[in-house]
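Shown next, in C-alpha cells, is the structure this report addresses.
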Amino acid sequence: MPSDITTDAEIAADERRSGLRTIQKVGPYLWPADKPWIKRRVVIAMVCLVMAKVVNVLIPLLFGRAVDSLSGEASDLVLGGVGLTLAYGVARLMNVGFQQLRDAVFARVGQRALRQLALETFTHIHRLSLRYHISRKTGGLSRVIERGVKGVEFLLRFLLFSIVPMFLELALVAIFLAWLLDVRFVFVVAACVAVYVFFTFKVTEWRVRLRREMNTQDTDANQKAIDSLLNFETVKYFGAETREAARYDESMEAYERASIKTQTSLAFLNFGQSFIINAGLIAAMVMAAFGVQNGNLTVGDFVMVNAYMMQLTRPLDLLGWVYREIRQSLVDMGEMFDLLEQPQEVADKPGAQKLAVATGVVRFEDVHFGYDPERLILKGVSIDVGAGQNVALVGPSGSGKSTIGRLLFRFYDVSGGAILIDGQDVRDITQDSLHDAIGVVPQDTVLFNDTIRYNIAYGRAGATHSDIVAAAESARIHDFIQSLPDGYDTMVGERGLKLSGGEKQRVGIARTLLKNPPILILDEATSALDTETEASIQGALKRAGEGRTVITIAHRLSTIADADRIVVLENGLVVEQGTHDDLLTRNGRYASLWHLQMQDEEAA
C-alpha cells in the first residue's frame, strides 16, 4: 500500500538521521580539539585494544603447538610442552590485562562525554519555551532523557571497543588460518561470517520496529503513572483509584504485548545465530579431521582449528548483540536528539545587551498575541505602568490578564506591537537580565521537595542565612518557621504539599523578596486562598511592592481597590482604565464586575 511505503521510508530516513546525529554529537567528545588529554587517552586505549587482539590470536597457536609437543608430534619446539603451556597461560593473562587497562584508560573519557551530553540536554530543555513544556508530559520527557542517556553510554563503550576490534580479530584469524593451514579454512570462516552478519542485520531491523512500539507503550504507561501520582488528592476526592488502576493496566497490557513480541523475536534471533555459528564450526572441524587422517595436519592443528573457531564465536556473538543494542540505542536516542534539535521559540538576539533598569517604567504598545495564530488573545493592548506604580489588570476569564504577565517575562514573544522597560524592547535584551529584573508571585506557588531554607534561598544564589531570615520576616512567615521542630530545615514535601496554601504563598513571597527585583508581577497571588488568609497575605504583598513597579493581575476586585490605576480587559482589549473610585463613578464594565462580586460575597 502507498501509505505503508511512505511509513517505511519515513522510518528509514529517521534511522539514518539518528545515526548521523549520533556521530555528530558523540564524535567531538571522543576527539575534542581543545582537550589533548582526551586524545592521549583515546590513543592509549586503542593501542591496548590492538595489543589485546594480537595476543588473543596467538593463544590458539600456542595451545596447538603445546598439544603437538606433548603428544610427541613436534618434539623440536624450543620451549617444549611445559614452556608452551606456560606461554599459553601468560598470553591469556596478557589478553585480559590489556583489555582491563583499555577500559580503565577510557573510563574518564566516556564518563566525561556522557556527563557533558546529559548536561547539554538538561540545559536545552530549560531553554525551550513554556509552550513546549505545557504540551509535553513530564513523565514521558524524563523517560526519553533516561533512555537516551543510557543509549549514549552504551554507544560510547561498545561502538569503539567492540565493532572495530571484532573486524580486526576476524582479519587476524583469517590470516593465521591461511598461513598456518589452508586457504579453504578462510573461505569457511568468510562464508560463516557473511551469512551470520546478513541474518543478524535483517532480523535486527525487524526487531528495531518492535522495540520502537515497546518504547511507545512504555512511555505512555509511565506518563499515566506519573500523572496519577501527581494528582493523588484528586484521585482520592473522586474515588478513582480503580479507574486509575484500570487505565494504567490498559497501558501496561499494550506494553506487555509489545514486550512479548520483542522477547520472542530475540529467541528466534539467538537460535538462528547459534545454528549458523555451529554449522561453520562443524564444517571447519570436519575439514581439519580429514586433514589429520590424511597426515596433512597434526592433532595440534586440529585443536588449533577448534580453538580458532570457538574464538570466532565470541566476536560473532558480540557482533549480533552489539548491533542489536546499538540499533536499539539509536531508537532510544532518537527522541533525545529530537529534543536537542527542538528550536528555541524565544531566543536572545545576536549581540543582545543587558537590561538597564533606571526607573522601572513598563509600557505595552499596541500588543497583539495569540497562543494559536488563528485565535488572538490580545488584539492591540496599550498600557503604561509608571515608575513605582501599582497597576492592576482585571477582567473576565480569557480576557488576557495572565497572558500580559507571561509576555512581559518573555515566556512568549508578541506577534505585534512591543513591550518596553525604560524604553528598551524586551526582545532586544538578554533573557537572563530580563528575568533578573522581574519577580513573580503566581497564584499557585510550587516549591521544591527540599527545606524551607532552600526554597526561600532559591530567590538569590549565594544568599546568607540572615538574608533568608530578613526575607521571611518581611513576608511574615519567620515566626511560623521558628515554631516548627526543624525550623528552616523543615522539608516541605513534593510541590510543597506539607504546607498550607497560605504558608506556601508566604514562602513564595519571601523568595521573591530575597530576589529583590525592581519590577513585580502578582499573578492572582491570593485568588486560591480563603478570605482570612488572603487578608493576612495582602499585607505581605503590599510590603513586597514598596519601591517597586507592580503589575497586579487580580480576579478578586476587593484586593486591588487601592491600586494606582486599574485596567479592565475584555476580549483582548482595554475597555476601561482609571482608579477604583473613577471606574465606579463611570458605572461601566468595572462597576458591573464590582457589583456582581459584592453580591456574591454578601450571598456567601
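Ligands are numbered from 1 in the order shown, residues from 1 within each chain, and chains are lettered A, B, ... in the order they appear in the C-alpha cells.
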Please provide the set of residues having any atom within 10 Å of Phe199 (chain A), restricted to only C-alpha atoms, with same-chain residues fewer than 5 positions apart removed, written as a PDB file with C-alpha atoms, in the first residue's frame.
ATOM      1  CA  VAL A 193      30.638 -14.567   8.927  1.00  0.00           C
ATOM      2  CA  ALA A 194      28.770 -13.344   5.816  1.00  0.00           C
ATOM      3  CA  THR A 204      17.550  -6.953  13.981  1.00  0.00           C
ATOM      4  CA  LEU A 269      17.497 -14.427  16.568  1.00  0.00           C
ATOM      5  CA  GLY A 272      19.442 -18.631  14.215  1.00  0.00           C
ATOM      6  CA  GLN A 273      22.810 -17.151  15.159  1.00  0.00           C
ATOM      7  CA  ILE A 276      24.959 -20.514  11.721  1.00  0.00           C
ATOM      8  CA  GLY A 320      24.928  -9.789  16.956  1.00  0.00           C
TER       9      GLY A 320
END
For this session: Find the residues near Arg427 (chain A): any atom within 9 Å, counting only C-alpha atoms, skip ones fewer than 5 places away on the same chain, and give them as a PyMOL selection string.
Result: chain A and resi 346-349+352+410+413+418-420
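Among the candidate residues A:Leu93, A:Ala190, A:Leu30, A:Val50, the one lying nearest to Leu316 (chain A) is A:Ala190, with distances computed using only C-alpha atoms.
In this model, the gap between CA of Phe369 (chain A) and CA of Thr403 (chain A) comes to 8.6 Å.
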For this session: Please provide the set of residues having any atom within 6 Å of region 431-448 of chain A, restricted to only C-alpha atoms, with same-chain residues fewer than 5 positions apart removed, written as a VMD selection string.
Result: chain A and resid 354 to 355 495 to 496 505 508 512 517 to 525
Produce a file of the selected residues containing C-alpha atoms, as a PDB file, in the first residue's frame.
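Output file result_0.pdb is given in full below:
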ATOM      1  CA  LYS A 354      21.674  43.507  29.339  1.00  0.00           C
ATOM      2  CA  LEU A 355      18.574  45.291  30.591  1.00  0.00           C
ATOM      3  CA  ARG A 495       5.453  20.599  45.375  1.00  0.00           C
ATOM      4  CA  GLY A 496       5.224  21.923  48.972  1.00  0.00           C
ATOM      5  CA  GLN A 505       2.326  31.688  49.327  1.00  0.00           C
ATOM      6  CA  GLY A 508       6.893  32.274  47.618  1.00  0.00           C
ATOM      7  CA  THR A 512      10.645  36.914  45.591  1.00  0.00           C
ATOM      8  CA  PRO A 517      13.558  42.749  41.663  1.00  0.00           C
ATOM      9  CA  PRO A 518      12.665  46.308  40.557  1.00  0.00           C
ATOM     10  CA  ILE A 519       9.520  45.007  38.784  1.00  0.00           C
ATOM     11  CA  LEU A 520       6.979  42.721  40.429  1.00  0.00           C
ATOM     12  CA  ILE A 521       4.138  40.696  38.892  1.00  0.00           C
ATOM     13  CA  LEU A 522       1.427  39.456  41.253  1.00  0.00           C
ATOM     14  CA  ASP A 523      -0.451  36.908  39.142  1.00  0.00           C
ATOM     15  CA  GLU A 524      -3.701  36.289  41.081  1.00  0.00           C
ATOM     16  CA  ALA A 525      -1.442  35.654  44.070  1.00  0.00           C
TER      17      ALA A 525
END
Exercise. When distances are computed from only C-alpha atoms, which of A:Arg184, A:Lys542, A:Arg157, A:Lys379 shows the smallest separation from Val575 (chain A)?
Worked result: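 Of A:Arg184, A:Lys542, A:Arg157, A:Lys379, the one nearest Val575 (chain A) is A:Lys379, counting only C-alpha atoms.
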Problem set entry | All residues 6 Å or closer to region 383-388 of chain A, only C-alpha atoms, same chain fewer than 4 positions away omitted, as a VMD selection string | chain A and resid 359 to 364 547 to 549
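Every protein, DNA or RNA residue with an atom at most 10 Å from Gly588 (chain A), where only C-alpha atoms count and chain neighbours fewer than 4 positions away do not, is listed here: Val575, Glu576, Leu583, Leu584, Ser592 and Leu593 of chain A.
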Problem set entry | 12 Å contact set for Cys48 (chain A), only C-alpha atoms, chain neighbours under 6 positions out, as an NGL selection string | :A and (41-42 or 54-55 or 94-106 or 161 or 165)
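Residues with any atom within 12 Å of Thr123 (chain A), counting only C-alpha atoms and excluding same-chain neighbours fewer than 5 positions away, are A:Gln116, A:Leu117, A:Ala118, A:Leu128, A:Leu339, A:Leu340, A:Gln344.
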Filtering to C-alpha atoms, could you give me those residues as an mmCIF file, in the first residue's frame?
data_model
loop_
_atom_site.group_PDB
_atom_site.id
_atom_site.type_symbol
_atom_site.label_atom_id
_atom_site.label_comp_id
_atom_site.auth_asym_id
_atom_site.auth_seq_id
_atom_site.Cartn_x
_atom_site.Cartn_y
_atom_site.Cartn_z
ATOM 1 C CA GLN A 116 28.507 16.751 29.024
ATOM 2 C CA LEU A 117 25.823 15.403 26.706
ATOM 3 C CA ALA A 118 23.416 14.906 29.616
ATOM 4 C CA LEU A 128 12.674 25.661 25.474
ATOM 5 C CA LEU A 339 14.647 17.124 21.817
ATOM 6 C CA LEU A 340 18.097 18.661 21.319
ATOM 7 C CA GLN A 344 14.043 27.727 20.915
#
Exercise. From the set A:Gly405, A:Gly487, A:Pro373, A:Gly291, which residue has the shortest atom-to-atom contact distance to Asp182 (chain A), counting only C-alpha atoms?
Worked result: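 The closest residue to Asp182 (chain A) is A:Gly291.
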For this session: Identify, with DSSP run on backbone atoms, the residues in region 465-591 of chain A assigned to strand (DSSP E), and express the list as an NGL selection string.
Result: :A and (519-523 or 549-553 or 565-570 or 573-578)
Seminar exercise, completed: Using only C-alpha atoms, the residue out of A:Lys224, A:Gly545, A:Val286, A:Phe302 with shortest distance to Asn390 (chain A) is A:Gly545
